Amino acid sequence: HLRATIPGWGVDLDKADRPSVPKLRTDLDSGAHWTFPDRQPEMPGRERSIEHRILTPVFGTAQPLRGMSGAIRKFAYRYSEGRAVHWLLLLGADRVDVIENRVSAALRLKPDNLISEMGLKAELTRGGWRSRAGRGRTDVKHMWLDPVVVTAPWLLLAGIGTRIVLRRRR
């Protein structure tokens, strides 16, 4: 009854008419021969997604969890990868890691080279300023913020240090 009244109704009922029928067959041999590779040994404390039962056979171990940023990363893996809180915690952990590394560099008396980080030498010697001026680049709008973002943590750290020293002298 519906087939007669609705044009095209039930056209895919017959499997012979379906364009995907060869893809649905399971008796075809793909020719792929693959065995699961040997698993990399897993150290305890390794962060893992709650969506996956096992880790991939090979995974990175270059940056083990450490400090406050490591604790935040470990906490992030309690949440599903489909939730924003998982990714926001990982982004926050990256920012905390930057602060931890800057503070540890300052405590070792080997602070970062701000001149090279900001690219001032390249701006002056490699035509950087010429390439930025008058070309309609989008980063021109926030270019003035770059020195502030790079130097603000150091100025804040210097201010805190100065305040501590002055209080101890009183």
# chains A, B, ... in the order shown; residues from 1 in each chain; ligands from 1
$ residues_around --residues "Arg102 of chain A" --least-positions-apart "3" --cutoff "10 Å" --atoms "only C-alpha atoms" --output "PyMOL selection string"
chain A and resi 96-99+105-108+110-112+153-154+157
$ write_last_selection --atoms "N, CA and C atoms" --output "short mmCIF file (atom, residue, chain, number, x, y, z; two decimals), in the first residue's frame"
data_model
loop_
_atom_site.label_atom_id
_atom_site.label_comp_id
_atom_site.auth_asym_id
_atom_site.auth_seq_id
_atom_site.Cartn_x
_atom_site.Cartn_y
_atom_site.Cartn_z
N VAL A 96 50.12 25.63 34.39
CA VAL A 96 50.77 25.44 35.69
C VAL A 96 52.19 24.93 35.48
N ASP A 97 52.38 24.06 34.48
CA ASP A 97 53.71 23.52 34.18
C ASP A 97 54.65 24.64 33.74
N VAL A 98 54.15 25.59 32.97
CA VAL A 98 54.97 26.73 32.55
C VAL A 98 55.43 27.52 33.77
N ILE A 99 54.49 27.78 34.68
CA ILE A 99 54.83 28.53 35.89
C ILE A 99 55.85 27.76 36.73
N ALA A 105 63.49 27.58 37.13
CA ALA A 105 64.61 28.20 36.42
C ALA A 105 65.14 29.40 37.20
N ALA A 106 64.23 30.18 37.79
CA ALA A 106 64.66 31.34 38.57
C ALA A 106 65.39 30.89 39.84
N LEU A 107 64.91 29.83 40.47
CA LEU A 107 65.56 29.34 41.69
C LEU A 107 66.94 28.74 41.40
N ARG A 108 67.12 28.20 40.21
CA ARG A 108 68.43 27.67 39.81
C ARG A 108 69.35 28.78 39.33
N LYS A 110 69.09 30.38 36.61
CA LYS A 110 69.26 30.26 35.16
C LYS A 110 67.92 30.61 34.51
N PRO A 111 67.52 31.87 34.59
CA PRO A 111 66.22 32.24 34.02
C PRO A 111 66.22 32.11 32.50
N ASP A 112 65.03 32.06 31.95
CA ASP A 112 64.89 31.97 30.50
C ASP A 112 65.45 33.22 29.85
N PRO A 153 55.37 37.51 34.22
CA PRO A 153 55.68 36.58 35.32
C PRO A 153 57.00 36.92 36.01
N TRP A 154 57.99 37.36 35.24
CA TRP A 154 59.28 37.70 35.83
C TRP A 154 59.18 38.96 36.68
N LEU A 157 57.44 37.95 39.87
CA LEU A 157 58.37 37.21 40.73
C LEU A 157 59.38 38.16 41.37
#
$ residues_around --residues "Met43 of chain A" --least-positions-apart "5" --cutoff "12 Å" --atoms "only C-alpha atoms" --output "list in words"
Arg48, Leu55, Phe59, Gly60, Thr61, Pro64 and Leu65 of chain A
$ write_last_selection --atoms "C-alpha atoms" --output "short mmCIF file (atom, residue, chain, number, x, y, z; two decimals), in the first residue's frame"
data_model
loop_
_atom_site.label_atom_id
_atom_site.label_comp_id
_atom_site.auth_asym_id
_atom_site.auth_seq_id
_atom_site.Cartn_x
_atom_site.Cartn_y
_atom_site.Cartn_z
CA ARG A 48 44.97 6.68 30.84
CA LEU A 55 46.76 1.68 26.19
CA PHE A 59 53.02 5.30 23.99
CA GLY A 60 55.15 8.25 24.97
CA THR A 61 57.03 8.33 28.26
CA PRO A 64 56.38 11.79 33.39
CA LEU A 65 53.89 13.45 35.72
#
$ closest_residue --among "A:Thr125, A:Pro147, A:Arg3, A:Gly67" --to "Ser104 of chain A" --atoms "only C-alpha atoms"
A:Gly67
$ select_by_dssp --residues "segment 24-120 of chain A" --states "helix (DSSP H, G or I)" --output "PyMOL selection string"
chain A and resi 24+67-76+84-107+114-118+120
$ closest_residue --among "A:Leu166, A:Leu114, A:Ile160, A:Ala76" --to "Leu89 of chain A" --atoms "only C-alpha atoms"
A:Ala76
